[in-house]
Amino acid sequence: MNSPVPFWVVIPAAGIGQRMQADRPKQYLPLKGKALIEHTLDCFLQHPDLRGLTVCLAENDAWWPQLSCAGDTRIQRCIGGQERADSVLNGLSALLEQGAQAEDWVLVHDAARPNLARSDLDKLLQALADDPVGGLLAVPVRDTLKQVDANGRVTNTPDRSQFWQAYTPQMFRLGALQQALSAALAAGSSITDEASAMEWAGQAPRLVGGRADNIKVTRPEDLDWLAR
Ligand code: C5P
């Protein structure tokens with residue numbers, strides 16, 4: 001029996017998802033009778049060690065209030081920011097207001113990643129429970145990688161054994177993540193995930209091998225695959 005690892009969650013959901021070419025932000029697209037984001041939330045809401053969860057929404061979001069989960073008192077809302085990192089920072093502040101402490105674990109998970117398995121969530125929590133830094137779910141790249149020039153011509157084939165795809169959840173101590181994100185943003189550094197902010201702060205997050213089907217819905221065919 002695993003010992004409990006209490007955790008908080010931030011779901012950044014303030015993006016538009018332009019690559020989906022849809023009539024609404026991708027997290028609100030329908031999947032098996034629910035909005036995509038509702039599947040995403042389910043995995044966390046069903047976990048007994050969840051302490052609190054905040055969803056970062058665009059200021060003019062007209063889709064969220066239409067969902068049945070909008071009335072769920074376990075879900076707190078905050079306004080997202082310009083970049084994903086700004087949204088996450090707002091989410092962390094909201095959790096602190098809810099009673100989270102700087103040393104607590106926080107998991108940041110993409111709204112558009114609806115297929116997180118409970119087994120992967122538990123694997124991440126158990127693997128990092130005593131880790132001094134934290135880390136993230138990740139998957140080794142399976143295809144050969146190509147580096148290209150501006151004309152789409154191959155310039156290099158790097159050794160793929162050194163490359164992993166960064167997935168979410170990404171799990172760090174709330175205070176350390178808040179400091180790293182704030183400092184990286186203030187320095188104008190380009191931050192595409194929480195781990196890169198921690199790296200920027202001089203830390204080495206740990207990779208935890210996860211399932212490859214924990215995909216982020218990015219292109220129309222991703223949704224077809226999940227709906228199969
Ligand atoms: O665009 P991408 O798929 O990389 O976005 C990852 C996640 O970050 C999505 O869940 C998106 O809604 C969120 N995001 C956000 N605030 C932004 C940009 C993206 O919460 N300003």
# chains A, B, ... in the order shown; residues from 1 in each chain; ligands from 1
$ residues_near_ligand --ligand "ligand 1" --cutoff "9 Å" --atoms "only C-alpha atoms and all ligand atoms" --output "number ranges by chain"
A: 11-19, 25-27, 37, 55-58, 79-88, 109-113, 192-193, 216-218
$ closest_residue --among "A:Met171, A:Ala183, A:Ala117, A:Leu95" --to "Pro132 of chain A" --atoms "only C-alpha atoms"
A:Met171
$ residues_around --residues "Gln76 of chain A" --least-positions-apart "3" --cutoff "10 Å" --atoms "only C-alpha atoms" --output "PDB file with N, CA and C atoms, in the first residue's frame"
ATOM      1  N   VAL A  10      -2.970  22.752 -10.505  1.00  0.00           N
ATOM      2  CA  VAL A  10      -3.275  23.908 -11.367  1.00  0.00           C
ATOM      3  C   VAL A  10      -3.510  23.392 -12.775  1.00  0.00           C
ATOM      4  N   GLY A  52      -6.755  20.543  -3.294  1.00  0.00           N
ATOM      5  CA  GLY A  52      -7.479  21.646  -3.924  1.00  0.00           C
ATOM      6  C   GLY A  52      -7.033  21.788  -5.356  1.00  0.00           C
ATOM      7  N   LEU A  53      -7.895  22.410  -6.165  1.00  0.00           N
ATOM      8  CA  LEU A  53      -7.611  22.478  -7.601  1.00  0.00           C
ATOM      9  C   LEU A  53      -8.079  23.822  -8.133  1.00  0.00           C
ATOM     10  N   THR A  54      -7.250  24.447  -8.951  1.00  0.00           N
ATOM     11  CA  THR A  54      -7.661  25.700  -9.574  1.00  0.00           C
ATOM     12  C   THR A  54      -7.511  25.609 -11.086  1.00  0.00           C
ATOM     13  N   VAL A  55      -8.495  26.159 -11.787  1.00  0.00           N
ATOM     14  CA  VAL A  55      -8.491  26.181 -13.245  1.00  0.00           C
ATOM     15  C   VAL A  55      -8.273  27.622 -13.684  1.00  0.00           C
ATOM     16  N   CYS A  56      -7.288  27.836 -14.577  1.00  0.00           N
ATOM     17  CA  CYS A  56      -6.994  29.193 -15.051  1.00  0.00           C
ATOM     18  C   CYS A  56      -7.735  29.412 -16.379  1.00  0.00           C
ATOM     19  N   ALA A  70     -18.875  23.429 -13.674  1.00  0.00           N
ATOM     20  CA  ALA A  70     -18.700  24.829 -13.255  1.00  0.00           C
ATOM     21  C   ALA A  70     -19.301  25.055 -11.873  1.00  0.00           C
ATOM     22  N   GLY A  71     -20.250  24.205 -11.465  1.00  0.00           N
ATOM     23  CA  GLY A  71     -20.875  24.346 -10.149  1.00  0.00           C
ATOM     24  C   GLY A  71     -20.211  23.497  -9.080  1.00  0.00           C
ATOM     25  N   ASP A  72     -19.129  22.818  -9.428  1.00  0.00           N
ATOM     26  CA  ASP A  72     -18.447  21.930  -8.479  1.00  0.00           C
ATOM     27  C   ASP A  72     -17.618  22.776  -7.506  1.00  0.00           C
ATOM     28  N   THR A  73     -17.963  22.720  -6.238  1.00  0.00           N
ATOM     29  CA  THR A  73     -17.311  23.598  -5.255  1.00  0.00           C
ATOM     30  C   THR A  73     -15.852  23.207  -4.988  1.00  0.00           C
ATOM     31  N   GLY A  91      -2.561  30.761 -10.998  1.00  0.00           N
ATOM     32  CA  GLY A  91      -3.113  29.567 -10.359  1.00  0.00           C
ATOM     33  C   GLY A  91      -2.436  29.279  -9.025  1.00  0.00           C
ATOM     34  N   ALA A  94      -3.724  31.581  -6.407  1.00  0.00           N
ATOM     35  CA  ALA A  94      -5.077  31.180  -5.985  1.00  0.00           C
ATOM     36  C   ALA A  94      -5.002  30.026  -4.981  1.00  0.00           C
ATOM     37  N   LEU A  95      -4.075  29.100  -5.200  1.00  0.00           N
ATOM     38  CA  LEU A  95      -3.936  27.969  -4.271  1.00  0.00           C
ATOM     39  C   LEU A  95      -3.437  28.446  -2.909  1.00  0.00           C
ATOM     40  N   GLN A  98      -6.110  29.638  -0.962  1.00  0.00           N
ATOM     41  CA  GLN A  98      -6.957  28.526  -0.498  1.00  0.00           C
ATOM     42  C   GLN A  98      -6.356  27.814   0.698  1.00  0.00           C
TER      43      GLN A  98
END
$ residues_around --residues "Lys34 of chain A" --least-positions-apart "5" --cutoff "10 Å" --atoms "only C-alpha atoms" --output "ChimeraX atom specification"
/A:28-29,39,67-68
$ select_by_dssp --residues "segment 167-198 of chain A" --states "alpha helix (DSSP H)" --output "list in words"
Leu174, Gly175, Ala176, Leu177, Gln178, Gln179, Ala180, Leu181, Ser182, Ala183, Ala184, Leu185, Ala186, Glu194, Ala195, Ser196, Ala197 and Met198 of chain A
$ closest_residue --among "A:Ala22, A:Leu31, A:Ile191, A:Leu207" --to "Ala127 of chain A" --atoms "only C-alpha atoms"
A:Leu207
$ atom_distance --atom1 "atom CA of Asp49 of chain A" --atom2 "atom CA of Val5 of chain A"
6.3 Å
$ residues_around --residues "Glu199 of chain A" --least-positions-apart "5" --cutoff "12 Å" --atoms "only C-alpha atoms" --output "PyMOL selection string"
chain A and resi 133-135+172+176-177+180-181+183-184+189-194+204-206
$ write_last_selection --atoms "N, CA, C and O atoms" --output "mmCIF file, in the first residue's frame"
data_model
loop_
_atom_site.group_PDB
_atom_site.id
_atom_site.type_symbol
_atom_site.label_atom_id
_atom_site.label_comp_id
_atom_site.auth_asym_id
_atom_site.auth_seq_id
_atom_site.Cartn_x
_atom_site.Cartn_y
_atom_site.Cartn_z
ATOM 1 N N VAL A 133 13.685 17.981 -5.700
ATOM 2 C CA VAL A 133 13.334 18.969 -6.736
ATOM 3 C C VAL A 133 11.910 18.782 -7.245
ATOM 4 O O VAL A 133 11.121 19.737 -7.326
ATOM 5 N N GLY A 134 11.568 17.540 -7.618
ATOM 6 C CA GLY A 134 10.309 17.281 -8.312
ATOM 7 C C GLY A 134 10.598 16.864 -9.741
ATOM 8 O O GLY A 134 11.765 16.616 -10.089
ATOM 9 N N GLY A 135 9.572 16.792 -10.546
ATOM 10 C CA GLY A 135 9.795 16.338 -11.921
ATOM 11 C C GLY A 135 8.517 16.260 -12.708
ATOM 12 O O GLY A 135 7.539 16.940 -12.398
ATOM 13 N N PHE A 172 6.056 20.026 -8.636
ATOM 14 C CA PHE A 172 7.119 20.743 -7.924
ATOM 15 C C PHE A 172 6.564 21.291 -6.611
ATOM 16 O O PHE A 172 5.346 21.333 -6.404
ATOM 17 N N ALA A 176 8.853 26.942 -4.594
ATOM 18 C CA ALA A 176 10.021 26.885 -5.496
ATOM 19 C C ALA A 176 9.584 27.140 -6.937
ATOM 20 O O ALA A 176 10.260 27.848 -7.698
ATOM 21 N N LEU A 177 8.436 26.572 -7.318
ATOM 22 C CA LEU A 177 7.941 26.775 -8.685
ATOM 23 C C LEU A 177 7.533 28.230 -8.903
ATOM 24 O O LEU A 177 7.843 28.831 -9.950
ATOM 25 N N ALA A 180 10.681 30.282 -9.342
ATOM 26 C CA ALA A 180 11.362 30.007 -10.615
ATOM 27 C C ALA A 180 10.601 30.623 -11.786
ATOM 28 O O ALA A 180 11.197 31.246 -12.678
ATOM 29 N N LEU A 181 9.275 30.485 -11.789
ATOM 30 C CA LEU A 181 8.478 31.049 -12.881
ATOM 31 C C LEU A 181 8.573 32.580 -12.890
ATOM 32 O O LEU A 181 8.745 33.190 -13.951
ATOM 33 N N ALA A 183 10.942 34.521 -11.674
ATOM 34 C CA ALA A 183 12.288 34.985 -12.050
ATOM 35 C C ALA A 183 12.529 34.781 -13.546
ATOM 36 O O ALA A 183 13.081 35.663 -14.211
ATOM 37 N N ALA A 184 12.107 33.648 -14.076
ATOM 38 C CA ALA A 184 12.331 33.381 -15.501
ATOM 39 C C ALA A 184 11.544 34.362 -16.367
ATOM 40 O O ALA A 184 12.051 34.871 -17.367
ATOM 41 N N SER A 189 12.881 35.141 -20.209
ATOM 42 C CA SER A 189 13.201 33.816 -20.731
ATOM 43 C C SER A 189 11.945 33.138 -21.285
ATOM 44 O O SER A 189 10.858 33.302 -20.745
ATOM 45 N N SER A 190 12.101 32.375 -22.374
ATOM 46 C CA SER A 190 10.961 31.698 -22.971
ATOM 47 C C SER A 190 10.686 30.399 -22.204
ATOM 48 O O SER A 190 11.522 29.495 -22.173
ATOM 49 N N ILE A 191 9.514 30.334 -21.571
ATOM 50 C CA ILE A 191 9.181 29.211 -20.690
ATOM 51 C C ILE A 191 7.969 28.483 -21.268
ATOM 52 O O ILE A 191 6.880 29.036 -21.315
ATOM 53 N N THR A 192 8.142 27.246 -21.719
ATOM 54 C CA THR A 192 7.004 26.520 -22.300
ATOM 55 C C THR A 192 6.450 25.458 -21.360
ATOM 56 O O THR A 192 5.375 24.919 -21.607
ATOM 57 N N ASP A 193 7.187 25.141 -20.309
ATOM 58 C CA ASP A 193 6.628 24.265 -19.274
ATOM 59 C C ASP A 193 7.256 24.627 -17.924
ATOM 60 O O ASP A 193 8.167 25.460 -17.853
ATOM 61 N N GLU A 194 6.728 24.034 -16.875
ATOM 62 C CA GLU A 194 7.178 24.385 -15.521
ATOM 63 C C GLU A 194 8.608 23.896 -15.307
ATOM 64 O O GLU A 194 9.422 24.562 -14.666
ATOM 65 N N ALA A 204 17.542 20.365 -11.550
ATOM 66 C CA ALA A 204 17.446 19.296 -12.544
ATOM 67 C C ALA A 204 16.226 18.426 -12.235
ATOM 68 O O ALA A 204 16.316 17.479 -11.445
ATOM 69 N N PRO A 205 15.071 18.751 -12.828
ATOM 70 C CA PRO A 205 13.863 17.951 -12.579
ATOM 71 C C PRO A 205 14.060 16.507 -13.012
ATOM 72 O O PRO A 205 14.819 16.230 -13.946
ATOM 73 N N ARG A 206 13.372 15.607 -12.328
ATOM 74 C CA ARG A 206 13.497 14.187 -12.645
ATOM 75 C C ARG A 206 12.408 13.755 -13.620
ATOM 76 O O ARG A 206 11.250 14.143 -13.468
#
$ select_by_dssp --residues "chain A" --states "strand (DSSP E)" --output "MDAnalysis selection string"
chainID A and resid 7:13 30:31 34:35 50:57 75:79 105:108 134:140 147:148 154:156 164:173 206:209
$ closest_residue --among "A:Ala138, A:Leu124, A:Leu89, A:Leu116" --to "Asn214 of chain A" --atoms "only C-alpha atoms"
A:Leu116
$ atom_distance --atom1 "atom CA of Ile215 of chain A" --atom2 "atom CA of Trp105 of chain A"
23.0 Å
$ closest_residue --among "A:Leu226, A:Leu137, A:Pro220, A:Gln178" --to "Asn90 of chain A" --atoms "only C-alpha atoms"
A:Gln178
